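Listing of model_18.cif, mmCIF, C-alpha atoms and all ligand atoms
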```
data_my_file
loop_
_atom_site.label_atom_id
_atom_site.label_comp_id
_atom_site.auth_asym_id
_atom_site.auth_seq_id
_atom_site.Cartn_x
_atom_site.Cartn_y
_atom_site.Cartn_z
CA MET A 1 100.42 81.33 33.84
CA THR A 2 96.75 80.61 33.29
CA ASP A 3 94.98 77.27 33.68
CA GLU A 4 93.39 75.24 30.89
CA SER A 5 90.34 77.51 30.90
CA GLY A 6 92.38 80.71 30.75
CA ARG A 7 91.90 81.66 34.40
CA ARG A 8 94.65 83.19 36.53
CA ARG A 9 95.98 80.92 39.23
CA LEU A 10 96.10 82.56 42.62
CA GLY A 11 97.97 80.88 45.48
CA ILE A 12 96.87 81.74 49.00
CA MET A 13 99.30 81.12 51.85
CA GLY A 14 97.36 81.50 55.08
CA GLY A 15 99.12 81.40 58.41
CA THR A 16 99.45 82.75 61.90
CA PHE A 17 103.06 83.62 60.95
CA ASP A 18 104.18 84.05 64.55
CA PRO A 19 106.79 84.54 63.18
CA ILE A 20 106.96 83.83 59.44
CA HIS A 21 110.03 81.72 58.61
CA ASN A 22 111.91 80.18 55.69
CA GLY A 23 109.77 77.01 55.78
CA HIS A 24 106.69 79.08 54.90
CA LEU A 25 108.58 80.90 52.15
CA VAL A 26 110.02 77.73 50.60
CA ALA A 27 106.58 76.06 50.60
CA ALA A 28 104.98 79.09 48.91
CA GLU A 29 107.70 79.43 46.28
CA GLU A 30 107.75 75.72 45.47
CA ALA A 31 103.94 75.69 45.13
CA ARG A 32 104.15 78.74 42.87
CA TRP A 33 106.67 77.05 40.63
CA GLN A 34 105.08 73.58 40.54
CA PHE A 35 101.55 74.87 39.89
CA GLY A 36 102.48 77.81 37.69
CA LEU A 37 100.77 80.25 40.06
CA ASP A 38 100.63 83.86 38.88
CA GLU A 39 100.87 85.19 42.43
CA VAL A 40 100.97 83.95 46.01
CA VAL A 41 99.04 86.09 48.48
CA PHE A 42 100.16 85.69 52.09
CA VAL A 43 97.24 86.17 54.46
CA PRO A 44 98.22 86.59 58.12
CA ALA A 45 95.36 85.41 60.33
CA GLY A 46 93.75 88.19 62.36
CA ARG A 47 92.44 86.14 65.27
CA PRO A 48 93.42 82.47 64.83
CA TRP A 49 90.69 80.95 66.98
CA GLN A 50 92.47 77.63 67.55
CA LYS A 51 95.56 79.28 69.04
CA ARG A 52 96.19 81.20 72.21
CA ASP A 53 98.68 83.88 73.18
CA VAL A 54 99.32 85.07 69.67
CA THR A 55 101.54 88.09 68.96
CA PRO A 56 99.59 91.24 67.94
CA ALA A 57 98.34 91.05 64.37
CA GLU A 58 100.12 94.24 63.25
CA ASP A 59 103.50 92.79 64.22
CA ARG A 60 102.75 89.54 62.36
CA TYR A 61 101.54 91.54 59.36
CA LEU A 62 104.74 93.63 59.25
CA LEU A 63 106.90 90.52 59.66
CA THR A 64 105.09 88.99 56.68
CA MET A 65 105.58 92.15 54.61
CA LEU A 66 109.30 92.19 55.41
CA ALA A 67 109.74 88.50 54.61
CA THR A 68 107.99 88.61 51.23
CA ALA A 69 109.07 92.03 49.91
CA ARG A 70 111.87 90.76 47.73
CA ASN A 71 109.79 88.24 45.75
CA PRO A 72 107.85 89.97 42.95
CA HIS A 73 105.34 87.10 42.89
CA PHE A 74 104.49 87.43 46.58
CA SER A 75 102.03 89.89 48.11
CA VAL A 76 100.40 90.29 51.53
CA SER A 77 96.71 90.81 52.28
CA ARG A 78 95.22 92.55 55.33
CA LEU A 79 91.88 90.88 54.68
CA GLU A 80 91.81 88.77 57.85
CA ILE A 81 93.45 91.40 60.04
CA ASP A 82 90.94 94.08 59.08
CA ARG A 83 87.91 91.79 59.23
CA GLY A 84 87.83 91.35 63.00
CA GLY A 85 86.28 88.46 64.90
CA PRO A 86 87.63 84.90 64.82
CA THR A 87 89.46 84.10 61.59
CA TYR A 88 87.74 81.59 59.35
CA THR A 89 89.47 80.63 56.10
CA LEU A 90 86.13 80.03 54.42
CA GLU A 91 85.23 83.72 54.77
CA THR A 92 88.59 84.68 53.27
CA LEU A 93 88.25 82.33 50.32
CA ARG A 94 84.71 83.54 49.66
CA ALA A 95 85.86 87.17 49.78
CA LEU A 96 88.69 86.43 47.33
CA ARG A 97 86.36 84.49 45.07
CA ASP A 98 83.85 87.36 45.08
CA PHE A 99 86.64 89.83 44.31
CA HIS A 100 88.28 87.87 41.49
CA GLY A 101 85.13 86.25 40.14
CA ALA A 102 85.45 83.47 37.62
CA ASP A 103 88.74 84.89 36.35
CA ALA A 104 90.89 83.21 38.98
CA GLU A 105 91.34 79.72 40.33
CA LEU A 106 92.12 79.72 44.08
CA LEU A 107 94.73 77.32 45.47
CA PHE A 108 95.27 77.37 49.23
CA ILE A 109 98.76 76.33 50.32
CA THR A 110 99.30 74.50 53.60
CA GLY A 111 101.67 72.10 55.33
CA ALA A 112 100.83 68.45 54.62
CA ASP A 113 100.24 67.45 58.24
CA ALA A 114 98.11 70.55 58.70
CA VAL A 115 95.91 69.69 55.75
CA LEU A 116 94.33 66.92 57.80
CA GLU A 117 93.31 69.57 60.32
CA ILE A 118 91.06 71.13 57.71
CA LEU A 119 88.43 68.80 59.07
CA THR A 120 88.52 70.80 62.33
CA TRP A 121 88.16 74.14 60.55
CA LYS A 122 84.88 75.91 60.01
CA ASP A 123 82.78 74.15 57.34
CA PRO A 124 85.44 71.93 55.72
CA GLU A 125 83.16 70.75 52.92
CA ALA A 126 82.44 74.28 51.76
CA LEU A 127 86.17 75.04 52.04
CA LEU A 128 87.08 72.21 49.71
CA ASP A 129 84.38 73.38 47.29
CA THR A 130 85.75 76.91 47.23
CA ALA A 131 89.46 76.22 46.65
CA ARG A 132 91.89 73.49 45.79
CA PHE A 133 94.49 72.77 48.46
CA ILE A 134 98.22 72.26 47.96
CA ALA A 135 99.79 70.33 50.80
CA ALA A 136 103.57 70.69 51.15
CA THR A 137 105.56 67.86 52.63
CA ARG A 138 109.17 66.85 52.90
CA PRO A 139 110.67 64.36 50.41
CA GLU A 140 110.33 60.70 51.41
CA TYR A 141 107.53 61.46 53.83
CA ASP A 142 105.22 58.46 54.00
CA LEU A 143 102.27 59.93 52.12
CA GLY A 144 100.19 56.87 53.02
CA ARG A 145 100.14 58.22 56.57
CA LEU A 146 98.35 61.30 55.36
CA ASP A 147 95.20 59.43 54.26
CA LEU A 148 94.22 62.10 51.76
CA GLY A 149 91.85 59.84 49.83
CA ARG A 150 88.82 61.39 51.48
CA PHE A 151 89.64 64.74 49.85
CA GLY A 152 89.47 63.39 46.29
CA ASP A 153 91.22 65.62 43.80
CA ARG A 154 90.77 68.75 45.95
CA VAL A 155 94.12 68.25 47.71
CA SER A 156 97.43 67.89 45.84
CA VAL A 157 100.68 67.04 47.59
CA ILE A 158 104.01 68.62 46.71
CA GLN A 159 107.39 67.79 48.13
CA ILE A 160 109.65 70.52 49.43
CA PRO A 161 113.19 70.20 50.80
CA ALA A 162 113.07 69.01 54.40
CA LEU A 163 112.88 72.08 56.59
CA ALA A 164 112.47 71.34 60.24
CA ILE A 165 111.76 74.98 60.95
CA SER A 166 108.79 75.94 63.08
CA SER A 167 107.55 79.18 64.59
CA THR A 168 107.39 77.46 67.97
CA ASP A 169 111.09 76.62 67.78
CA ILE A 170 111.99 80.15 66.65
CA ARG A 171 110.10 81.71 69.58
CA ARG A 172 111.86 79.26 71.92
CA ARG A 173 115.25 80.11 70.42
CA VAL A 174 114.72 83.84 70.85
CA ARG A 175 113.63 83.31 74.45
CA GLU A 176 116.75 81.22 75.13
CA GLY A 177 119.10 83.60 73.30
CA ARG A 178 119.93 81.04 70.61
CA PRO A 179 120.45 82.08 66.96
CA ILE A 180 117.62 82.33 64.43
CA GLN A 181 119.84 83.53 61.61
CA TYR A 182 119.26 81.48 58.40
CA LEU A 183 115.96 80.16 59.76
CA VAL A 184 114.17 83.44 59.00
CA PRO A 185 114.97 86.24 56.52
CA PRO A 186 117.40 88.80 57.99
CA GLU A 187 114.69 91.49 57.97
CA VAL A 188 112.51 89.27 60.15
CA ALA A 189 115.33 88.64 62.61
CA ALA A 190 116.03 92.39 62.77
CA TYR A 191 112.35 93.24 63.43
CA ILE A 192 112.09 90.61 66.17
CA ASP A 193 115.18 92.07 67.77
CA GLU A 194 114.07 95.68 67.43
CA ARG A 195 110.58 95.03 68.81
CA GLN A 196 111.93 92.65 71.47
CA LEU A 197 109.38 90.00 70.44
CA TYR A 198 109.33 86.56 72.09
CA ARG A 199 111.53 87.63 75.01
CA GLY A 200 109.07 86.95 77.81
CA PRO A 201 107.80 83.53 78.91
CA GLU A 202 105.76 81.71 76.22
CA GLY A 203 102.16 82.77 76.57
CA ALA A 204 102.85 86.18 78.08
CA GLY A 205 101.62 88.28 75.17
CA GLY A 206 98.08 87.82 73.84
CA GLN A 207 96.51 89.41 70.79
CA ASP A 208 95.57 92.46 72.76
CA GLY A 209 98.59 92.36 75.01
CA SER A 210 96.93 90.02 77.51
CA SER A 211 97.41 86.28 77.91
CA LYS A 212 93.85 85.21 77.47
CA PRO A 213 93.08 82.57 74.85
CA SER A 214 91.60 83.72 71.53
CA GLY A 215 89.05 80.95 71.66
CA ALA A 216 88.67 77.29 72.48
CA GLY A 217 91.57 75.22 71.25
CA GLN A 218 95.12 74.13 71.57
CA GLU A 219 98.34 76.03 71.98
CA ALA A 220 100.67 76.42 69.05
CA GLY A 221 102.34 73.12 68.34
CA ASP A 222 105.64 72.44 66.62
CA GLY A 223 103.99 72.13 63.20
CA ASP A 224 103.84 75.88 62.64
P1 LIG B 301 98.48 78.03 61.19
O1 LIG B 301 98.13 78.60 62.51
O2 LIG B 301 98.77 76.58 61.09
O3 LIG B 301 99.66 78.89 60.51
O4 LIG B 301 97.28 78.39 60.20
C1 LIG B 301 97.30 77.94 58.85
C2 LIG B 301 96.03 78.45 58.18
O5 LIG B 301 94.91 77.70 58.66
C3 LIG B 301 95.70 79.92 58.48
O6 LIG B 301 95.28 80.56 57.29
C4 LIG B 301 94.53 79.81 59.47
O7 LIG B 301 93.65 80.93 59.46
C5 LIG B 301 93.85 78.58 58.92
N1 LIG B 301 92.89 77.99 59.88
C6 LIG B 301 93.36 77.35 60.98
C7 LIG B 301 92.43 76.83 61.91
C8 LIG B 301 91.06 76.98 61.67
C9 LIG B 301 90.63 77.64 60.52
C10 LIG B 301 91.56 78.15 59.63
C11 LIG B 301 89.15 77.82 60.21
O8 LIG B 301 88.82 78.35 59.12
O9 LIG B 301 88.29 77.44 61.05
P2 LIG B 301 101.25 78.76 60.72
O10 LIG B 301 101.80 80.12 60.64
O11 LIG B 301 101.54 77.96 61.91
O12 LIG B 301 101.69 77.94 59.42
C12 LIG B 301 101.30 78.39 58.13
C13 LIG B 301 101.36 77.22 57.15
O13 LIG B 301 102.71 76.84 56.92
C14 LIG B 301 100.65 75.98 57.68
O14 LIG B 301 99.91 75.40 56.63
C15 LIG B 301 101.79 75.06 58.12
O15 LIG B 301 101.44 73.70 57.99
C16 LIG B 301 102.87 75.44 57.11
N2 LIG B 301 104.25 75.22 57.62
C17 LIG B 301 105.26 74.74 56.88
N3 LIG B 301 105.31 74.33 55.61
C18 LIG B 301 106.51 73.88 55.17
N4 LIG B 301 107.66 73.81 55.91
C19 LIG B 301 107.64 74.20 57.21
C20 LIG B 301 106.39 74.70 57.73
N5 LIG B 301 106.03 75.17 58.95
C21 LIG B 301 104.73 75.49 58.86
N6 LIG B 301 108.76 74.12 57.94
#
```

As structure tokens - that is how I would like this structure written.
Amino acid sequence: MTDESGRRRLGIMGGTFDPIHNGHLVAAEEARWQFGLDEVVFVPAGRPWQKRDVTPAEDRYLLTMLATARNPHFSVSRLEIDRGGPTYTLETLRALRDFHGADAELLFITGADAVLEILTWKDPEALLDTARFIAATRPEYDLGRLDLGRFGDRVSVIQIPALAISSTDIRRRVREGRPIQYLVPPEVAAYIDERQLYRGPEGAGGQDGSSKPSGAGQEAGDGD
């Protein structure tokens, strides 16, 4: 579907995806449907500078490929993985804008709580100029708490079925030998099992196999 001015609508689902789970997939699909997006491009972050001890990018990329393969409207980009250096969404959006030109409108999909964190990302004003943001939240969430007024019409909120799934919880479950079936696509569960991901203590495997932080910032919280 095109927008009023005939442009394609391109959804961008950025994430650390460590691992990707059904919450991410439901948010992307609901955004696609509600906004009539032609395509949703999943962009696994290469070096998420606000997180530490992230699983190697190639594993997260393959997990994302496996999780999205069955949806013809989903694709995966290596843009951030191949770019190197700390991952800034602004650079990604600018690259996509340069590639697609005026023919596409960019809509970046994120969790509703996370949208407030945009203010901590690199150059939030330029970000909001470059793309519109779709913030996914659960039904009956008190939207007043989100205080989105400051973003004007650049952020739209959509409601998705409550999914208390987080990557943090999935990593914890794998470590503790608890099931992750139905929380992630079966292909993702099989890959995690085959590659023995998330078996060691949290924080044991950094981006290059070490445990050093990827930059200043917090550890992964439960909102992932
Ligand atoms: P996360 O590390 O939160 O990804 O990163 C989200 C995006 O922000 C990535 O594209 C990052 O590169 C970008 N970022 C972060 C920090 C700084 C900068 C950029 C910068 O430019 O300076 P997760 O894999 O944890 O989550 C992916 C998305 O899915 C998030 O928006 C999260 O809120 C959302 N999500 C859910 N949505 C619906 N239901 C659930 C969800 N769990 C996570 N259950």

Using all atoms listed in the file, the residue out of A:Ile160, A:Ile81, A:Leu197, A:Ile165 with shortest distance to ligand LIG 301 (chain B) is A:Ile165

Quick one: residues within 9 Å of region 31-36 of chain A, all atoms listed in the file, excluding same-chain residues fewer than 2 positions away - as a PDB file with C-alpha atoms, in the frame of the given file?
```
ATOM      1  CA  MET A   1     100.420  81.330  33.840  1.00  0.00           C
ATOM      2  CA  THR A   2      96.750  80.610  33.290  1.00  0.00           C
ATOM      3  CA  ASP A   3      94.980  77.270  33.680  1.00  0.00           C
ATOM      4  CA  ARG A   9      95.980  80.920  39.230  1.00  0.00           C
ATOM      5  CA  LEU A  10      96.100  82.560  42.620  1.00  0.00           C
ATOM      6  CA  GLY A  11      97.970  80.880  45.480  1.00  0.00           C
ATOM      7  CA  VAL A  26     110.020  77.730  50.600  1.00  0.00           C
ATOM      8  CA  ALA A  27     106.580  76.060  50.600  1.00  0.00           C
ATOM      9  CA  ALA A  28     104.980  79.090  48.910  1.00  0.00           C
ATOM     10  CA  GLU A  29     107.700  79.430  46.280  1.00  0.00           C
ATOM     11  CA  ASP A  38     100.630  83.860  38.880  1.00  0.00           C
ATOM     12  CA  GLU A  39     100.870  85.190  42.430  1.00  0.00           C
ATOM     13  CA  VAL A  40     100.970  83.950  46.010  1.00  0.00           C
ATOM     14  CA  HIS A  73     105.340  87.100  42.890  1.00  0.00           C
ATOM     15  CA  ILE A 109      98.760  76.330  50.320  1.00  0.00           C
ATOM     16  CA  ILE A 134      98.220  72.260  47.960  1.00  0.00           C
ATOM     17  CA  ALA A 135      99.790  70.330  50.800  1.00  0.00           C
ATOM     18  CA  ALA A 136     103.570  70.690  51.150  1.00  0.00           C
ATOM     19  CA  ILE A 158     104.010  68.620  46.710  1.00  0.00           C
ATOM     20  CA  ILE A 160     109.650  70.520  49.430  1.00  0.00           C
TER      21      ILE A 160
END
```

Within-6 Å residues of ligand LIG 301 (chain B), basis all atoms listed in the file, as a VMD selection string: chain A and resid 14 to 17 23 to 24 27 45 48 50 87 to 90 110 to 111 114 121 to 122 136 163 to 166 223 to 224

Between A:Gly200, A:Pro44, A:Pro19, A:Gly84, which residue has the minimum interatomic distance to Gly177 (chain A), considering only C-alpha atoms? A:Gly200

Choose the residue, out of A:Leu183, A:Ala67, A:Leu106, A:Ile170, that has the smallest atom-to-atom separation from Arg199 (chain A); count only C-alpha atoms. A:Ile170

Using all atoms listed in the file, can you tell me which of A:His100, A:Arg178, A:Arg8, A:Arg138 comes closest to Pro161 (chain A)? A:Arg138

I'd like to know which of A:Leu96, A:Ala189, A:Leu37, A:Ala112 is closest to Val157 (chain A), using only C-alpha atoms. A:Ala112

Using CA of Arg52 (chain A) and CA of Glu117 (chain A) as the two end points, give the distance in Å to one decimal.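 Distance between the two atoms: 16.9 Å.
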
If we count all atoms listed in the file, what is near Glu58 (chain A) at a cut-off of 10 Å, once residues fewer than 2 positions away on the same chain are taken out, given as a list in words?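 Answer for this query is Pro44, Gly46, Thr55, Pro56, Arg60, Tyr61, Leu62, Leu63, Thr64, Arg78, Ile81 and Gln207 of chain A.
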
Would you compute the distance between CA of Val155 (chain A) and CA of Asp169 (chain A)? Give it in Å to one decimal.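 CA of Asp169 (chain A) lies 27.6 Å from CA of Val155 (chain A).
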
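Separating CA of Thr130 (chain A) from CA of Thr92 (chain A) is a distance of 10.2 Å.
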
Proximity to Gly149 (chain A) - best of A:Leu93, A:Leu116, A:Val54, A:Leu66, only C-alpha atoms: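 Counting only C-alpha atoms, the residue closest to Gly149 (chain A) is A:Leu116.
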
For Phe42 (chain A): contacts at 7 Å, all atoms listed in the file, fewer than 5 positions along chain excluded, given as an MDAnalysis selection string: chainID A and resid 12:14 75:77

Completion of region 106-127 of chain A up to N, CA and C atoms, as a PDB file, in the frame of the given file:
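Dumped everything to out_26.pdb:
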```
ATOM      1  N   LEU A 106      91.484  79.520  42.768  1.00  0.00           N
ATOM      2  CA  LEU A 106      92.120  79.720  44.080  1.00  0.00           C
ATOM      3  C   LEU A 106      92.756  78.413  44.547  1.00  0.00           C
ATOM      4  N   LEU A 107      94.027  78.500  44.935  1.00  0.00           N
ATOM      5  CA  LEU A 107      94.730  77.320  45.470  1.00  0.00           C
ATOM      6  C   LEU A 107      95.311  77.690  46.833  1.00  0.00           C
ATOM      7  N   PHE A 108      94.838  77.046  47.864  1.00  0.00           N
ATOM      8  CA  PHE A 108      95.270  77.370  49.230  1.00  0.00           C
ATOM      9  C   PHE A 108      96.443  76.463  49.601  1.00  0.00           C
ATOM     10  N   ILE A 109      97.536  77.078  50.028  1.00  0.00           N
ATOM     11  CA  ILE A 109      98.760  76.330  50.320  1.00  0.00           C
ATOM     12  C   ILE A 109      98.866  76.072  51.822  1.00  0.00           C
ATOM     13  N   THR A 110      99.199  74.841  52.166  1.00  0.00           N
ATOM     14  CA  THR A 110      99.300  74.500  53.600  1.00  0.00           C
ATOM     15  C   THR A 110     100.368  73.423  53.795  1.00  0.00           C
ATOM     16  N   GLY A 111     100.788  73.216  55.017  1.00  0.00           N
ATOM     17  CA  GLY A 111     101.670  72.100  55.330  1.00  0.00           C
ATOM     18  C   GLY A 111     100.875  70.803  55.230  1.00  0.00           C
ATOM     19  N   ALA A 112     101.559  69.700  54.867  1.00  0.00           N
ATOM     20  CA  ALA A 112     100.830  68.450  54.620  1.00  0.00           C
ATOM     21  C   ALA A 112     100.176  67.889  55.876  1.00  0.00           C
ATOM     22  N   ASP A 113     100.874  67.956  57.007  1.00  0.00           N
ATOM     23  CA  ASP A 113     100.240  67.450  58.240  1.00  0.00           C
ATOM     24  C   ASP A 113      99.030  68.323  58.573  1.00  0.00           C
ATOM     25  N   ALA A 114      99.179  69.614  58.341  1.00  0.00           N
ATOM     26  CA  ALA A 114      98.110  70.550  58.700  1.00  0.00           C
ATOM     27  C   ALA A 114      96.876  70.358  57.838  1.00  0.00           C
ATOM     28  N   VAL A 115      97.060  69.809  56.642  1.00  0.00           N
ATOM     29  CA  VAL A 115      95.910  69.690  55.750  1.00  0.00           C
ATOM     30  C   VAL A 115      94.849  68.775  56.378  1.00  0.00           C
ATOM     31  N   LEU A 116      95.305  67.820  57.148  1.00  0.00           N
ATOM     32  CA  LEU A 116      94.330  66.920  57.800  1.00  0.00           C
ATOM     33  C   LEU A 116      93.488  67.679  58.817  1.00  0.00           C
ATOM     34  N   GLU A 117      94.051  68.773  59.321  1.00  0.00           N
ATOM     35  CA  GLU A 117      93.310  69.570  60.320  1.00  0.00           C
ATOM     36  C   GLU A 117      92.179  70.363  59.696  1.00  0.00           C
ATOM     37  N   ILE A 118      92.153  70.410  58.375  1.00  0.00           N
ATOM     38  CA  ILE A 118      91.060  71.130  57.710  1.00  0.00           C
ATOM     39  C   ILE A 118      89.716  70.650  58.245  1.00  0.00           C
ATOM     40  N   LEU A 119      89.698  69.364  58.585  1.00  0.00           N
ATOM     41  CA  LEU A 119      88.430  68.800  59.070  1.00  0.00           C
ATOM     42  C   LEU A 119      87.980  69.441  60.371  1.00  0.00           C
ATOM     43  N   THR A 120      88.899  70.111  61.080  1.00  0.00           N
ATOM     44  CA  THR A 120      88.520  70.800  62.330  1.00  0.00           C
ATOM     45  C   THR A 120      88.221  72.271  62.083  1.00  0.00           C
ATOM     46  N   TRP A 121      88.423  72.735  60.850  1.00  0.00           N
ATOM     47  CA  TRP A 121      88.160  74.140  60.550  1.00  0.00           C
ATOM     48  C   TRP A 121      86.669  74.346  60.329  1.00  0.00           C
ATOM     49  N   LYS A 122      86.293  75.617  60.233  1.00  0.00           N
ATOM     50  CA  LYS A 122      84.880  75.910  60.010  1.00  0.00           C
ATOM     51  C   LYS A 122      84.451  75.439  58.608  1.00  0.00           C
ATOM     52  N   ASP A 123      83.441  74.598  58.579  1.00  0.00           N
ATOM     53  CA  ASP A 123      82.780  74.150  57.340  1.00  0.00           C
ATOM     54  C   ASP A 123      83.750  73.588  56.295  1.00  0.00           C
ATOM     55  N   PRO A 124      84.425  72.462  56.630  1.00  0.00           N
ATOM     56  CA  PRO A 124      85.440  71.930  55.720  1.00  0.00           C
ATOM     57  C   PRO A 124      84.903  71.575  54.331  1.00  0.00           C
ATOM     58  N   GLU A 125      83.672  71.125  54.249  1.00  0.00           N
ATOM     59  CA  GLU A 125      83.160  70.750  52.920  1.00  0.00           C
ATOM     60  C   GLU A 125      83.060  71.961  52.008  1.00  0.00           C
ATOM     61  N   ALA A 126      82.538  73.058  52.568  1.00  0.00           N
ATOM     62  CA  ALA A 126      82.440  74.280  51.760  1.00  0.00           C
ATOM     63  C   ALA A 126      83.830  74.787  51.394  1.00  0.00           C
ATOM     64  N   LEU A 127      84.784  74.622  52.314  1.00  0.00           N
ATOM     65  CA  LEU A 127      86.170  75.040  52.040  1.00  0.00           C
ATOM     66  C   LEU A 127      86.712  74.330  50.810  1.00  0.00           C
TER      67      LEU A 127
END
```
